file start-v9.txt (compact mmCIF, C-alpha atoms and all ligand atoms)
# COMPACT_ATOMS: atom_id res chain seq x y z
CA MET A 884 -12.25 4.92 -5.84
CA THR A 885 -8.84 3.31 -6.16
CA PHE A 886 -8.41 -0.43 -5.99
CA ASN A 887 -5.93 -1.58 -3.32
CA PRO A 888 -5.03 -5.23 -4.05
CA LEU A 889 -3.64 -5.73 -0.55
CA LYS A 890 -7.08 -5.01 0.91
CA GLU A 891 -8.83 -7.60 -1.31
CA LYS A 892 -9.25 -11.17 -0.10
CA GLY A 893 -9.56 -12.83 -3.52
CA LEU A 894 -10.14 -16.57 -3.81
CA ARG A 895 -8.63 -18.57 -0.94
CA LEU A 896 -5.73 -20.80 -1.96
CA GLU A 897 -7.56 -23.98 -0.85
CA LYS A 898 -10.35 -23.17 -3.33
CA GLN A 899 -8.14 -22.64 -6.37
CA LEU A 900 -7.88 -26.16 -7.80
CA ARG A 901 -9.95 -26.58 -10.98
CA ASN A 902 -10.86 -29.70 -12.95
CA TRP A 903 -9.30 -30.60 -16.31
CA HIS A 904 -12.32 -29.39 -18.19
CA GLN A 905 -11.96 -25.97 -16.58
CA ILE A 906 -8.18 -25.95 -16.93
CA VAL A 907 -8.33 -26.66 -20.65
CA GLY A 908 -10.81 -24.07 -21.85
CA ASN A 909 -12.18 -23.35 -25.29
CA PRO A 910 -9.87 -21.53 -27.71
CA TYR A 911 -10.85 -18.31 -29.45
CA LYS A 912 -11.62 -18.43 -33.18
CA LYS A 913 -8.69 -17.10 -35.16
CA GLN A 914 -10.93 -15.71 -37.92
CA HIS A 915 -13.00 -13.58 -35.58
CA ALA A 916 -10.65 -12.82 -32.70
CA ASP A 917 -9.80 -9.24 -31.88
CA CYS A 918 -6.02 -8.92 -32.28
CA TYR A 919 -5.81 -7.56 -28.73
CA THR A 920 -7.60 -10.59 -27.30
CA ARG A 921 -4.76 -12.56 -28.87
CA THR A 922 -2.08 -10.24 -27.45
CA ARG A 923 -3.60 -10.47 -23.96
CA GLN A 924 -3.67 -14.26 -24.24
CA ILE A 925 -0.03 -14.38 -25.41
CA LEU A 926 1.16 -11.98 -22.71
CA MET A 927 -0.70 -13.70 -19.87
CA ASN A 928 0.84 -17.01 -20.90
CA GLY A 929 4.26 -15.34 -20.57
CA ILE A 930 3.34 -13.88 -17.19
CA GLU A 931 2.25 -17.32 -15.94
CA VAL A 932 5.40 -19.03 -17.25
CA GLU A 933 7.49 -16.51 -15.30
CA ALA A 934 5.27 -16.85 -12.20
CA TRP A 935 5.62 -20.64 -12.30
CA GLY A 936 9.39 -20.64 -12.95
CA PHE A 937 10.04 -18.08 -10.26
CA LYS A 938 8.12 -20.14 -7.67
CA HIS A 939 10.51 -23.02 -8.29
CA GLN A 940 13.53 -20.76 -7.89
CA LEU A 941 11.99 -19.55 -4.64
CA ASN A 942 11.49 -23.10 -3.40
CA ARG A 943 15.09 -23.96 -4.27
CA PHE A 944 16.59 -20.87 -2.65
CA MET A 945 14.38 -20.64 0.45
CA GLN A 946 14.28 -24.09 1.92
CA ASN A 947 14.70 -22.57 5.38
CA LEU A 948 11.05 -21.42 5.54
CA ASP A 949 8.56 -23.17 7.83
CA PHE A 950 7.07 -26.30 6.29
CA GLU A 951 3.58 -24.81 6.10
CA ASP A 952 4.88 -21.80 4.14
CA ARG A 953 6.82 -24.00 1.74
CA VAL A 954 3.69 -26.03 1.12
CA ASN A 955 1.69 -22.88 0.38
CA LEU A 956 4.33 -21.53 -2.00
CA SER A 957 4.49 -24.81 -3.89
CA ARG A 958 0.68 -24.88 -4.02
CA ILE A 959 0.74 -21.44 -5.60
CA GLY A 960 3.30 -22.73 -8.12
CA ARG A 961 0.95 -25.53 -9.08
CA ILE A 962 -1.90 -23.09 -9.62
CA GLU A 963 0.35 -20.89 -11.80
CA ASN A 964 1.09 -24.02 -13.80
CA GLN A 965 -2.62 -24.68 -14.32
CA GLN A 966 -3.30 -21.05 -15.23
CA GLN A 967 -0.48 -21.25 -17.78
CA ILE A 968 -2.19 -24.15 -19.50
CA THR A 969 -5.46 -22.27 -19.67
CA CYS A 970 -3.85 -19.12 -21.05
CA ASN A 971 -1.64 -20.78 -23.62
CA TRP A 972 -4.25 -23.24 -24.81
CA LEU A 973 -6.74 -20.52 -25.55
CA SER A 974 -4.86 -20.24 -28.86
CA PRO A 975 -6.62 -22.21 -31.57
CA ALA A 976 -5.07 -25.31 -33.13
CA ASP A 977 -5.45 -23.90 -36.65
CA GLN A 978 -3.30 -20.83 -35.90
CA SER A 979 0.06 -21.49 -37.51
CA VAL A 980 3.41 -20.94 -35.86
CA LEU A 981 4.06 -17.93 -38.10
CA GLU A 982 0.65 -16.43 -37.36
CA THR A 983 1.27 -16.83 -33.65
CA THR A 984 4.72 -15.34 -34.17
CA LEU A 985 3.20 -12.18 -35.66
CA GLY A 986 1.00 -12.08 -32.55
CA TYR A 987 4.06 -12.31 -30.28
CA GLU A 988 5.78 -9.40 -32.02
CA GLN A 989 2.58 -7.36 -31.95
CA VAL A 990 2.55 -7.90 -28.19
CA ALA A 991 6.14 -6.68 -27.97
CA VAL A 992 5.52 -3.55 -30.05
CA ASP A 993 2.23 -2.37 -28.59
CA LEU A 994 2.96 -3.43 -25.01
CA THR A 995 6.38 -1.78 -24.92
CA ALA A 996 4.98 1.39 -26.50
CA TRP A 997 2.27 1.56 -23.82
CA LEU A 998 4.78 0.95 -21.04
CA ALA A 999 7.19 3.58 -22.37
CA GLN A 1000 4.46 6.20 -22.27
CA ASN A 1001 3.45 5.20 -18.74
CA GLU A 1002 6.89 4.79 -17.26
CA PRO A 1003 7.86 7.37 -14.64
CA ASP A 1004 11.60 6.58 -14.74
CA LYS A 1005 13.19 8.33 -17.75
CA TYR A 1006 16.07 5.89 -18.05
CA VAL A 1007 13.75 2.87 -18.03
CA LYS A 1008 11.54 4.62 -20.58
CA GLU A 1009 14.52 5.10 -22.90
CA THR A 1010 15.30 1.40 -22.60
CA PHE A 1011 11.71 0.53 -23.51
CA ASN A 1012 11.93 2.76 -26.59
CA PHE A 1013 15.17 1.11 -27.59
CA GLY A 1014 13.78 -2.43 -27.32
CA LEU A 1015 10.58 -1.37 -29.06
CA LEU A 1016 12.30 -0.57 -32.36
CA GLU A 1017 13.96 -3.97 -32.42
CA ASP A 1018 10.74 -5.94 -31.96
CA PHE A 1019 9.13 -3.63 -34.51
CA ASP A 1020 11.68 -4.83 -37.08
CA HIS A 1021 11.14 -8.48 -36.08
CA LEU A 1022 7.46 -8.11 -36.90
CA TYR A 1023 8.40 -6.89 -40.37
CA ARG A 1024 10.89 -9.74 -41.01
CA TYR A 1025 8.44 -12.46 -39.93
CA ALA A 1026 5.66 -10.86 -41.98
CA GLN A 1027 7.70 -11.61 -45.12
CA TYR A 1028 7.67 -15.30 -44.27
CA ALA A 1029 4.04 -15.42 -43.22
CA TYR A 1030 3.27 -14.12 -46.70
CA MET A 1031 5.68 -16.40 -48.59
CA GLN A 1032 5.01 -19.62 -46.72
CA GLU A 1033 1.34 -19.35 -45.90
CA GLY A 1034 -0.13 -16.48 -47.91
CA VAL A 1035 -0.88 -14.65 -44.67
CA GLU A 1036 -1.10 -10.86 -45.00
CA PRO A 1037 0.09 -8.92 -41.92
CA ASN A 1038 -3.37 -7.48 -41.32
CA ASP A 1039 -4.86 -10.97 -41.09
CA ILE A 1040 -3.21 -10.96 -37.68
CA VAL A 1041 -2.46 -7.36 -36.62
CA LYS A 1042 -5.79 -6.11 -38.03
CA GLY A 1043 -4.49 -2.73 -39.06
CA GLN A 1044 -3.60 -1.77 -35.47
CA THR A 1045 0.18 -2.05 -35.78
CA ASP A 1046 2.36 -0.89 -38.69
CA VAL A 1047 4.54 -3.46 -40.40
CA ILE A 1048 7.58 -1.84 -41.98
CA VAL A 1049 11.35 -1.84 -41.59
CA GLY A 1050 12.71 -0.69 -38.20
CA ARG A 1051 16.23 -0.83 -36.79
CA PRO A 1052 17.48 -3.71 -38.96
CA THR A 1053 17.65 -7.01 -37.06
CA GLN A 1054 21.23 -7.71 -38.19
CA HIS A 1055 22.26 -4.75 -35.97
CA HIS A 1056 20.54 -6.05 -32.82
CA HIS A 1057 23.38 -8.37 -31.88
CA ASN A 1058 25.55 -6.85 -29.21
CA CYS A 1059 28.38 -7.60 -26.85
CA ASN A 1060 26.74 -8.75 -23.60
CA GLY A 1061 28.58 -6.13 -21.59
CA LEU A 1062 26.79 -3.40 -23.52
CA ARG A 1063 23.30 -4.85 -23.08
CA LEU A 1064 23.47 -4.66 -19.29
CA ARG A 1065 21.59 -1.59 -18.00
CA LYS A 1066 21.73 0.32 -14.74
CA ASN A 1067 19.33 -1.16 -12.21
CA TYR A 1068 16.65 0.81 -10.39
CA ASP A 1069 16.94 1.42 -6.65
CA LYS A 1070 14.34 -0.73 -4.90
CA ASN A 1071 13.87 1.91 -2.20
CA THR A 1072 12.98 4.71 -4.59
CA ALA A 1073 11.52 2.95 -7.66
CA THR A 1074 7.75 3.24 -8.00
CA PRO A 1075 5.56 0.11 -8.03
CA GLN A 1076 4.66 1.08 -11.61
CA THR A 1077 8.33 0.79 -12.69
CA LYS A 1078 8.70 -2.59 -10.97
CA VAL A 1079 5.53 -3.97 -12.57
CA ASN A 1080 6.31 -2.48 -16.00
CA ILE A 1081 9.71 -4.15 -16.12
CA LEU A 1082 8.53 -7.54 -14.89
CA THR A 1083 5.65 -7.46 -17.38
CA VAL A 1084 7.79 -6.78 -20.45
CA LEU A 1085 10.50 -9.14 -19.19
CA SER A 1086 7.97 -11.98 -18.89
CA GLY A 1087 6.71 -11.27 -22.41
CA GLU A 1088 10.21 -11.22 -23.90
CA GLN A 1089 11.24 -14.40 -22.09
CA GLN A 1090 8.22 -16.27 -23.42
CA THR A 1091 8.86 -14.91 -26.94
CA HIS A 1092 12.34 -16.37 -26.68
CA ASN A 1093 10.90 -19.69 -25.48
CA PHE A 1094 8.32 -19.80 -28.24
CA TYR A 1095 10.96 -19.32 -30.96
CA ALA A 1096 13.17 -21.90 -29.26
CA GLU A 1097 10.37 -24.47 -29.29
CA HIS A 1098 8.86 -23.72 -32.70
CA GLY A 1099 11.50 -22.28 -35.04
CA PHE A 1100 12.51 -25.75 -36.18
CA MET A 1101 8.99 -26.59 -37.31
CA TYR A 1102 9.54 -25.13 -40.79
CA GLY A 1103 11.58 -26.83 -43.49
CA ASP A 1104 12.75 -23.61 -45.16
CA HIS A 1105 16.32 -23.17 -44.03
CA VAL A 1106 16.36 -19.39 -44.29
CA LEU A 1107 13.27 -19.23 -42.08
CA ARG A 1108 14.85 -21.59 -39.55
CA GLU A 1109 17.91 -19.35 -39.45
CA THR A 1110 15.69 -16.29 -39.06
CA TYR A 1111 14.00 -17.84 -36.02
CA ALA A 1112 17.44 -18.65 -34.60
CA GLU A 1113 18.64 -15.11 -35.23
CA ILE A 1114 15.61 -13.41 -33.68
CA LYS A 1115 15.51 -15.82 -30.76
CA ASP A 1116 19.05 -14.69 -29.97
CA VAL A 1117 17.88 -11.07 -29.95
CA GLU A 1118 15.08 -12.01 -27.55
CA GLU A 1119 17.78 -13.50 -25.33
CA GLU A 1120 19.45 -10.07 -25.39
CA HIS A 1121 16.12 -8.46 -24.54
CA VAL A 1122 15.71 -10.73 -21.52
CA THR A 1123 19.24 -9.80 -20.42
CA MET A 1124 18.54 -6.10 -20.97
CA TYR A 1125 15.23 -5.92 -19.12
CA GLU A 1126 16.21 -8.13 -16.18
CA SER A 1127 19.32 -6.01 -15.61
CA LEU A 1128 17.04 -3.05 -14.81
CA ILE A 1129 15.86 -4.84 -11.65
CA ASP A 1130 17.56 -4.08 -8.33
CA PRO A 1131 19.58 -7.22 -7.43
CA ASN A 1132 19.25 -6.31 -3.74
CA GLU A 1133 15.57 -7.20 -3.64
CA THR A 1134 15.09 -10.21 -1.38
CA MET A 1135 13.49 -13.36 -2.79
CA LEU A 1136 10.32 -12.72 -0.79
CA GLU A 1137 10.23 -9.12 -2.01
CA LYS A 1138 10.46 -10.45 -5.55
CA ALA A 1139 7.69 -12.94 -4.78
CA LEU A 1140 5.47 -10.07 -3.71
CA ILE A 1141 6.24 -8.11 -6.89
CA HIS A 1142 5.48 -11.20 -8.99
CA GLU A 1143 2.01 -11.69 -7.47
CA PHE A 1144 1.30 -7.98 -7.65
CA THR A 1145 2.32 -7.96 -11.33
CA GLU A 1146 -0.07 -10.83 -12.03
CA VAL A 1147 -2.87 -9.01 -10.22
CA CYS A 1148 -2.25 -5.79 -12.17
CA ASN A 1149 -2.14 -7.56 -15.52
CA TYR A 1150 -5.33 -9.55 -14.97
CA TYR A 1151 -7.02 -6.43 -13.62
CA THR A 1152 -6.21 -4.65 -16.90
CA CYS A 1153 -7.34 -7.67 -18.94
CA VAL A 1154 -10.70 -7.66 -17.15
CA GLU A 1155 -11.12 -3.95 -17.83
CA ASP A 1156 -10.27 -4.23 -21.53
CA GLU A 1157 -11.46 -7.63 -22.75
CA THR A 1158 -14.14 -7.53 -25.45
CA ASP A 1159 -14.61 -11.31 -25.79
CA GLU A 1160 -17.09 -12.23 -23.07
CA GLU A 1161 -16.00 -15.89 -22.92
CA ILE A 1162 -12.33 -15.02 -22.51
CA LYS A 1163 -13.14 -12.30 -20.00
CA LYS A 1164 -14.51 -14.94 -17.62
CA TYR A 1165 -11.04 -16.46 -17.38
CA TRP A 1166 -9.47 -13.07 -16.63
CA GLU A 1167 -12.04 -12.49 -13.86
CA ILE A 1168 -11.41 -15.86 -12.22
CA PHE A 1169 -7.65 -15.43 -12.54
CA LEU A 1170 -7.75 -11.96 -11.00
CA ASP A 1171 -9.50 -13.48 -8.01
CA ILE A 1172 -6.94 -16.30 -7.86
CA GLU A 1173 -4.04 -13.83 -7.99
CA LEU A 1174 -5.51 -11.71 -5.21
CA GLY A 1175 -5.53 -14.93 -3.17
CA HIS A 1176 -1.86 -15.53 -4.02
CA LEU A 1177 -1.00 -11.97 -3.09
CA GLN A 1178 -2.68 -12.37 0.32
CA THR A 1179 -0.72 -15.55 1.06
CA VAL A 1180 2.62 -14.15 -0.10
CA ALA A 1181 2.02 -10.85 1.75
CA GLU A 1182 1.51 -12.81 5.00
CA ILE A 1183 4.71 -14.80 4.43
CA PHE A 1184 6.57 -11.58 3.60
CA LYS A 1185 5.35 -9.90 6.82
CA LYS A 1186 6.24 -12.95 8.91
CA TYR A 1187 9.86 -13.24 7.75
CA GLU A 1188 10.78 -9.69 6.81
CA LYS A 1189 8.81 -7.83 9.50
CA ARG A 1190 7.94 -5.15 6.95
CA ASP A 1191 4.77 -3.78 5.45
CA PRO A 1192 4.18 -5.07 1.86
CA GLU A 1193 3.01 -1.57 0.95
CA GLU A 1194 6.66 -0.45 1.17
CA VAL A 1195 7.33 -2.66 -1.85
CA ILE A 1196 4.16 -2.53 -3.96
CA GLY A 1197 2.29 0.52 -2.73
CA SER A 1198 -1.43 0.63 -2.09
CA GLU A 1199 -2.89 1.04 -5.57
CA ILE A 1200 -3.31 -1.04 -8.68
CA VAL A 1201 -1.16 -0.08 -11.69
CA ILE A 1202 -2.08 -0.62 -15.32
CA PRO A 1203 0.69 -2.44 -17.20
CA CYS A 1204 -0.90 -3.85 -20.35
CA ARG A 1205 -3.47 -1.58 -21.90
CA PHE A 1206 -3.42 -2.89 -25.47
CA LYS A 1207 -4.40 -0.36 -28.09
CA SER A 1208 -3.00 0.92 -31.35
CA GLN A 1209 0.29 2.73 -30.81
CA LYS A 1210 1.03 3.67 -34.41
CA ALA A 1211 1.56 7.40 -33.82
CA TYR A 1212 3.90 6.87 -30.86
CA VAL A 1213 5.88 4.11 -32.56
CA GLN A 1214 6.31 6.19 -35.72
CA LYS A 1215 7.62 9.09 -33.67
CA VAL A 1216 10.18 6.86 -31.92
CA LEU A 1217 11.09 5.21 -35.23
CA GLU A 1218 11.85 8.48 -36.97
CA LYS A 1219 13.81 9.89 -34.02
CA GLU A 1220 15.66 6.85 -32.68
CA VAL A 1221 16.25 4.29 -35.43
CA GLN A 1222 19.93 5.22 -35.50
CA LYS A 1223 20.41 4.72 -31.75
CA ARG A 1224 22.93 2.11 -30.55
CA LEU A 1225 24.22 0.83 -27.21
CA ALA A 1226 27.02 3.11 -26.01
CA PRO A 1227 30.55 1.63 -26.16
CA ASN A 1228 31.15 2.11 -22.44
CA GLY A 1229 27.85 0.55 -21.43
CA GLU A 1230 24.62 1.66 -19.73
CA TYR A 1231 23.74 4.52 -22.11
CA TYR A 1232 22.90 5.04 -25.78
CA ASN A 1233 24.68 6.79 -28.61
CA SER A 1234 23.74 7.83 -32.08
CA MET A 1235 25.37 5.69 -34.77
CA GLU A 1236 27.75 8.51 -35.80
CA GLU A 1237 29.19 8.56 -32.26
CA ILE A 1238 30.04 4.85 -32.32
CA PRO A 1239 33.84 4.27 -32.64
CA ASP A 1240 35.38 1.87 -35.17
CA ASP A 1241 36.41 -0.48 -32.37
CA TRP A 1242 32.85 -0.81 -30.95
CA VAL A 1243 32.77 -4.29 -29.41
CA SER A 1244 29.34 -5.16 -30.85
CA TYR A 1245 30.82 -4.98 -34.36
CA ASP A 1246 32.81 -8.12 -33.51
CA VAL A 1247 29.65 -10.00 -32.50
CA GLN A 1248 27.75 -8.85 -35.59
CA LYS A 1249 30.60 -9.74 -37.95
CA LYS A 1250 30.92 -13.23 -36.50
CA VAL A 1251 27.24 -14.21 -36.56
CA ALA A 1252 26.69 -12.81 -40.06
CA GLU A 1253 30.02 -13.90 -41.55
CA ILE A 1254 28.19 -15.95 -44.17
CA SER A 1255 24.96 -13.96 -44.32
CA SER A 1256 22.26 -12.39 -42.20
CA PRO A 1257 19.05 -14.49 -42.32
CA SER A 1258 16.86 -11.49 -41.53
CA GLU A 1259 18.24 -9.76 -44.65
CA ASN A 1260 17.82 -12.89 -46.74
CA CYS A 1261 14.10 -12.87 -46.08
CA ILE A 1262 13.87 -9.61 -48.07
CA ASN A 1263 16.02 -11.09 -50.85
CA VAL A 1264 13.69 -14.08 -51.00
CA VAL A 1265 10.40 -12.19 -50.88
CA GLU A 1266 11.51 -10.27 -53.98
CA PHE A 1267 10.90 -13.43 -56.01
CA TYR A 1268 7.37 -13.70 -54.70
CA ASN A 1269 6.24 -10.12 -54.69
CA ASP A 1270 8.90 -7.93 -56.41
CA ARG A 1271 9.28 -6.08 -53.13
CA ASP A 1272 8.90 -6.51 -49.37
CA VAL A 1273 5.50 -6.86 -47.70
CA VAL A 1274 4.62 -3.66 -45.87
CA GLU A 1275 1.49 -2.45 -44.06
CA ALA A 1276 1.41 1.21 -43.13
CA SER A 1277 -0.10 4.52 -44.16
CA GLU A 1278 1.04 5.86 -47.55
CA THR A 1279 2.98 8.61 -45.78
CA LEU A 1280 4.97 6.13 -43.71
CA LYS A 1281 5.41 3.76 -46.65
CA ASN A 1282 6.93 6.62 -48.64
CA LYS A 1283 9.56 7.03 -45.92
CA GLU A 1284 10.65 3.39 -45.90
CA VAL A 1285 13.85 3.84 -47.89
CA GLN A 1286 14.80 6.85 -45.80
CA ILE A 1287 14.20 4.90 -42.55
CA LEU A 1288 16.40 2.09 -43.84
CA GLU A 1289 19.07 4.62 -44.81
CA GLN A 1290 19.03 6.04 -41.26
CA GLY A 1291 18.91 2.66 -39.53
CA LEU A 1292 21.73 0.86 -41.37
CA GLN A 1293 25.25 0.87 -39.97
CA LYS A 1294 27.10 1.58 -43.17
CA LYS A 1295 30.48 0.75 -41.56
CA SER A 1296 29.47 -2.83 -40.96
CA VAL A 1297 26.72 -4.63 -42.82
CA ALA A 1298 26.31 -8.29 -43.77
CA GLN A 1299 27.29 -8.95 -47.38
CA ASN A 1300 23.71 -9.91 -48.32
CA THR A 1301 22.20 -6.69 -46.96
CA VAL A 1302 19.38 -5.09 -48.93
CA MET A 1303 20.79 -1.58 -49.28
CA PRO A 1304 18.49 1.46 -49.67
CA ASP A 1305 19.03 1.81 -53.45
CA LYS A 1306 18.16 -1.86 -53.92
CA LEU A 1307 15.00 -1.45 -51.85
CA GLN A 1308 14.05 1.58 -53.96
CA ASP A 1309 14.51 -0.53 -57.15
CA MET A 1310 12.30 -3.23 -55.68
CA ILE A 1311 9.59 -0.71 -54.86
CA ASP A 1312 9.77 0.82 -58.37
CA THR A 1313 9.64 -2.60 -60.06
CA HIS A 1314 6.67 -3.59 -57.96
CA GLU A 1315 4.84 -0.41 -59.00
CA GLU A 1316 5.59 -0.91 -62.72
CA ARG A 1317 4.54 -4.55 -62.68
CA LYS A 1318 1.39 -3.75 -60.76
CA GLN A 1319 0.40 -1.38 -63.56
CA GLU A 1320 1.25 -3.99 -66.25
CA LYS A 1321 -0.81 -6.56 -64.41
CA GLU A 1322 -3.79 -4.23 -64.19
CA LYS A 1323 -3.62 -3.68 -67.99
CA LEU A 1324 -3.77 -7.43 -68.66
CA ILE A 1325 -6.84 -7.78 -66.52
FE FE B 1 -0.77 -16.90 -11.96
FE FE B 2 11.02 -9.60 -31.08
FE FE B 3 11.93 -8.69 -27.99
FE FE B 4 0.18 -15.93 -8.83

call {"tool": "encode", "arguments": {"input": "start-v9.txt", "output": "structure tokens"}}
result
Amino acid sequence: MTFNPLKEKGLRLEKQLRNWHQIVGNPYKKQHADCYTRTRQILMNGIEVEAWGFKHQLNRFMQNLDFEDRVNLSRIGRIENQQQITCNWLSPADQSVLETTLGYEQVAVDLTAWLAQNEPDKYVKETFNFGLLEDFDHLYRYAQYAYMQEGVEPNDIVKGQTDVIVGRPTQHHHNCNGLRLRKNYDKNTATPQTKVNILTVLSGEQQTHNFYAEHGFMYGDHVLRETYAEIKDVEEEHVTMYESLIDPNETMLEKALIHEFTEVCNYYTCVEDETDEEIKKYWEIFLDIELGHLQTVAEIFKKYEKRDPEEVIGSEIVIPCRFKSQKAYVQKVLEKEVQKRLAPNGEYYNSMEEIPDDWVSYDVQKKVAEISSPSENCINVVEFYNDRDVVEASETLKNKEVQILEQGLQKKSVAQNTVMPDKLQDMIDTHEERKQEKEKLI
């Protein structure tokens, strides 16, 4: 039987206030947590931040609503705020910024890969695949620092579920803003799945950006600080890219409906998938709360727009965040699309060979990396610690690393400190030789 959120009552808005003890729950244990419990927790924090922020935009833009409706919308905003605390503060105090960062990029990789495979709109799917390979490379760059600064191995966090290896190099993610803007969907023909998919990944990317903005300065290592600044700027591009897929003709109340529906769908998926029984209780309560929000917003929508909410969100739940290992899919996209770039005339994609010499993104990339590219420096620095970069993948994929780098690099324009493929091969060979020497000594 299908689940129709519009037919569910959920928890009434007047019943949704919780006490401080309930709002601030007990964190999971970082040593024992399933990596996908962490990714759900990170994503749901992002979803709540967006839900809260949007409610304030709504209150600012729609002051002409009846007083009672404004009160209800601001009440919902307050509940989103309290849910955000619960979600974010489920992360344990002993989880470092870099460890959490690896969690954020694991969210981006495995979430976007799931969405791409479940996205009915081909153009949107292509955009998901494009963004995916950029976050995949971020995971690899941060993994170098987690190892150097804190002795954290990638699998301490990603638990073998997500590969950590070079992707489309981060230095090539910086683009002219005009090229990042995508074509938007048509609100009258887009499926509810497309609307929810986009808002879900957008919320995740926005919170990733916010997390780097608020935490990147917490390390003393200057190259790491610059790496956070560089990747934060890419997340800004990701927010721009994903939000531009949304039809700007949606009304504010239509958007409000999509927001509550997106929250319902995400919590519904969390309840279905959660393996930690303690954490699952929060997802169950929050699903009930969101169904209550959806009811309230659906009534407001009907009152002012004289339309059926089903026209906007359909009559069935959609599944936007089924976290599971996506290694095979990601590897396929990596091998096929690492050389893809934003087309010079906007909206589409080109292979690197089709990019003209006067591509406007070259100007952006040259400017920001005119001294050096921090995300390349992290490989230069890790060489001192480990002879080569830190990689976690099957032997078959590891053996293709130099080839992937060769395909992903824009030879026409690279930062002067770039680790070129022959250099990476030397690092790998040195690491192998020294590993054998070390074994002899022992
Ligand atoms: Fe919420
Ligand atoms: Fe990222
Ligand atoms: Fe991203
Ligand atoms: Fe909500």

call {"tool": "atom_distance", "arguments": {"input": "start-v9.txt", "atom1": "atom CA of A:Pro1227", "atom2": "atom CA of A:Asp1020"}}
result
22.7 Å

call {"tool": "closest_atom_pairs", "arguments": {"input": "start-v9.txt", "of": "chain A", "to": "ligand FE 3 (chain B)", "cutoff": "8 Å", "atoms": "all atoms listed in the file", "output": "tab-separated table"}}
result
residue	atom	partner	partner_atom	distance
A:Glu988	CA	B:FE3	FE	7.4
A:Ala991	CA	B:FE3	FE	6.1
A:Gly1014	CA	B:FE3	FE	6.6
A:Leu1015	CA	B:FE3	FE	7.5
A:Glu1017	CA	B:FE3	FE	6.8
A:Asp1018	CA	B:FE3	FE	5.0
A:Glu1088	CA	B:FE3	FE	5.1
A:Thr1091	CA	B:FE3	FE	7.0
A:His1092	CA	B:FE3	FE	7.8
A:Val1117	CA	B:FE3	FE	6.7
A:Glu1118	CA	B:FE3	FE	4.6
A:His1121	CA	B:FE3	FE	5.4
A:Val1122	CA	B:FE3	FE	7.8

call {"tool": "residues_near_ligand", "arguments": {"input": "start-v9.txt", "ligand": "ligand FE 4 (chain B)", "cutoff": "7 Å", "atoms": "all atoms listed in the file", "output": "JSON, numbers by chain"}}
result
{"A": [934, 959, 963, 1143, 1146, 1173, 1176]}

call {"tool": "residues_near_ligand", "arguments": {"input": "start-v9.txt", "ligand": "ligand FE 1 (chain B)", "cutoff": "9 Å", "atoms": "only C-alpha atoms and all ligand atoms", "output": "ChimeraX atom specification"}}
result
/A:927,930-935,959-960,962-967,1142-1143,1146-1147,1169-1170,1172-1173,1176

call {"tool": "residues_near_point", "arguments": {"input": "start-v9.txt", "point": "(3.1, -9.4, -19.7)", "cutoff": "6 Å", "atoms": "only C-alpha atoms", "output": "PyMOL selection string"}}
result
chain A and resi 926-927+930+1083-1084+1086-1087

call {"tool": "atom_distance", "arguments": {"input": "start-v9.txt", "atom1": "atom CA of A:Lys1295", "atom2": "atom CA of A:Asn1228"}}
result
19.2 Å

call {"tool": "atom_distance", "arguments": {"input": "start-v9.txt", "atom1": "atom CA of A:Val1251", "atom2": "atom CA of A:Leu1107"}}
result
15.8 Å

call {"tool": "closest_residue", "arguments": {"input": "start-v9.txt", "among": "A:Trp997, A:Phe1144, A:Tyr1102, A:Trp972", "to": "A:Phe1011", "atoms": "only C-alpha atoms"}}
result
A:Trp997

call {"tool": "residues_near_point", "arguments": {"input": "start-v9.txt", "point": "(9.5, -6.6, -53.0)", "cutoff": "10 Å", "atoms": "all atoms listed in the file", "output": "compact mmCIF listing (two decimals) with C-alpha atoms, in the coordinates of the input"}}
result
# COMPACT_ATOMS: atom_id res chain seq x y z
CA GLN A 1027 7.70 -11.61 -45.12
CA ILE A 1262 13.87 -9.61 -48.07
CA ASN A 1263 16.02 -11.09 -50.85
CA VAL A 1264 13.69 -14.08 -51.00
CA VAL A 1265 10.40 -12.19 -50.88
CA GLU A 1266 11.51 -10.27 -53.98
CA PHE A 1267 10.90 -13.43 -56.01
CA TYR A 1268 7.37 -13.70 -54.70
CA ASN A 1269 6.24 -10.12 -54.69
CA ASP A 1270 8.90 -7.93 -56.41
CA ARG A 1271 9.28 -6.08 -53.13
CA ASP A 1272 8.90 -6.51 -49.37
CA VAL A 1273 5.50 -6.86 -47.70
CA VAL A 1274 4.62 -3.66 -45.87
CA LYS A 1306 18.16 -1.86 -53.92
CA LEU A 1307 15.00 -1.45 -51.85
CA GLN A 1308 14.05 1.58 -53.96
CA ASP A 1309 14.51 -0.53 -57.15
CA MET A 1310 12.30 -3.23 -55.68
CA ILE A 1311 9.59 -0.71 -54.86
CA ASP A 1312 9.77 0.82 -58.37
CA THR A 1313 9.64 -2.60 -60.06
CA HIS A 1314 6.67 -3.59 -57.96
CA GLU A 1315 4.84 -0.41 -59.00

call {"tool": "closest_residue", "arguments": {"input": "start-v9.txt", "among": "A:Leu1082, A:Leu1177, A:Ala1112, A:Val1216", "to": "ligand FE 2 (chain B)", "atoms": "only C-alpha atoms and all ligand atoms"}}
result
A:Ala1112

call {"tool": "residues_around", "arguments": {"input": "start-v9.txt", "residues": "A:Glu982", "least_positions_apart": "4", "cutoff": "9 Å", "atoms": "all atoms listed in the file", "output": "NGL selection string"}}
result
:A and (978 or 986-987 or 1026 or 1029 or 1035 or 1037 or 1039-1040)

call {"tool": "closest_residue", "arguments": {"input": "start-v9.txt", "among": "A:Asp1191, A:Leu981, A:Ser957, A:Lys1186", "to": "A:Glu1033", "atoms": "only C-alpha atoms"}}
result
A:Leu981
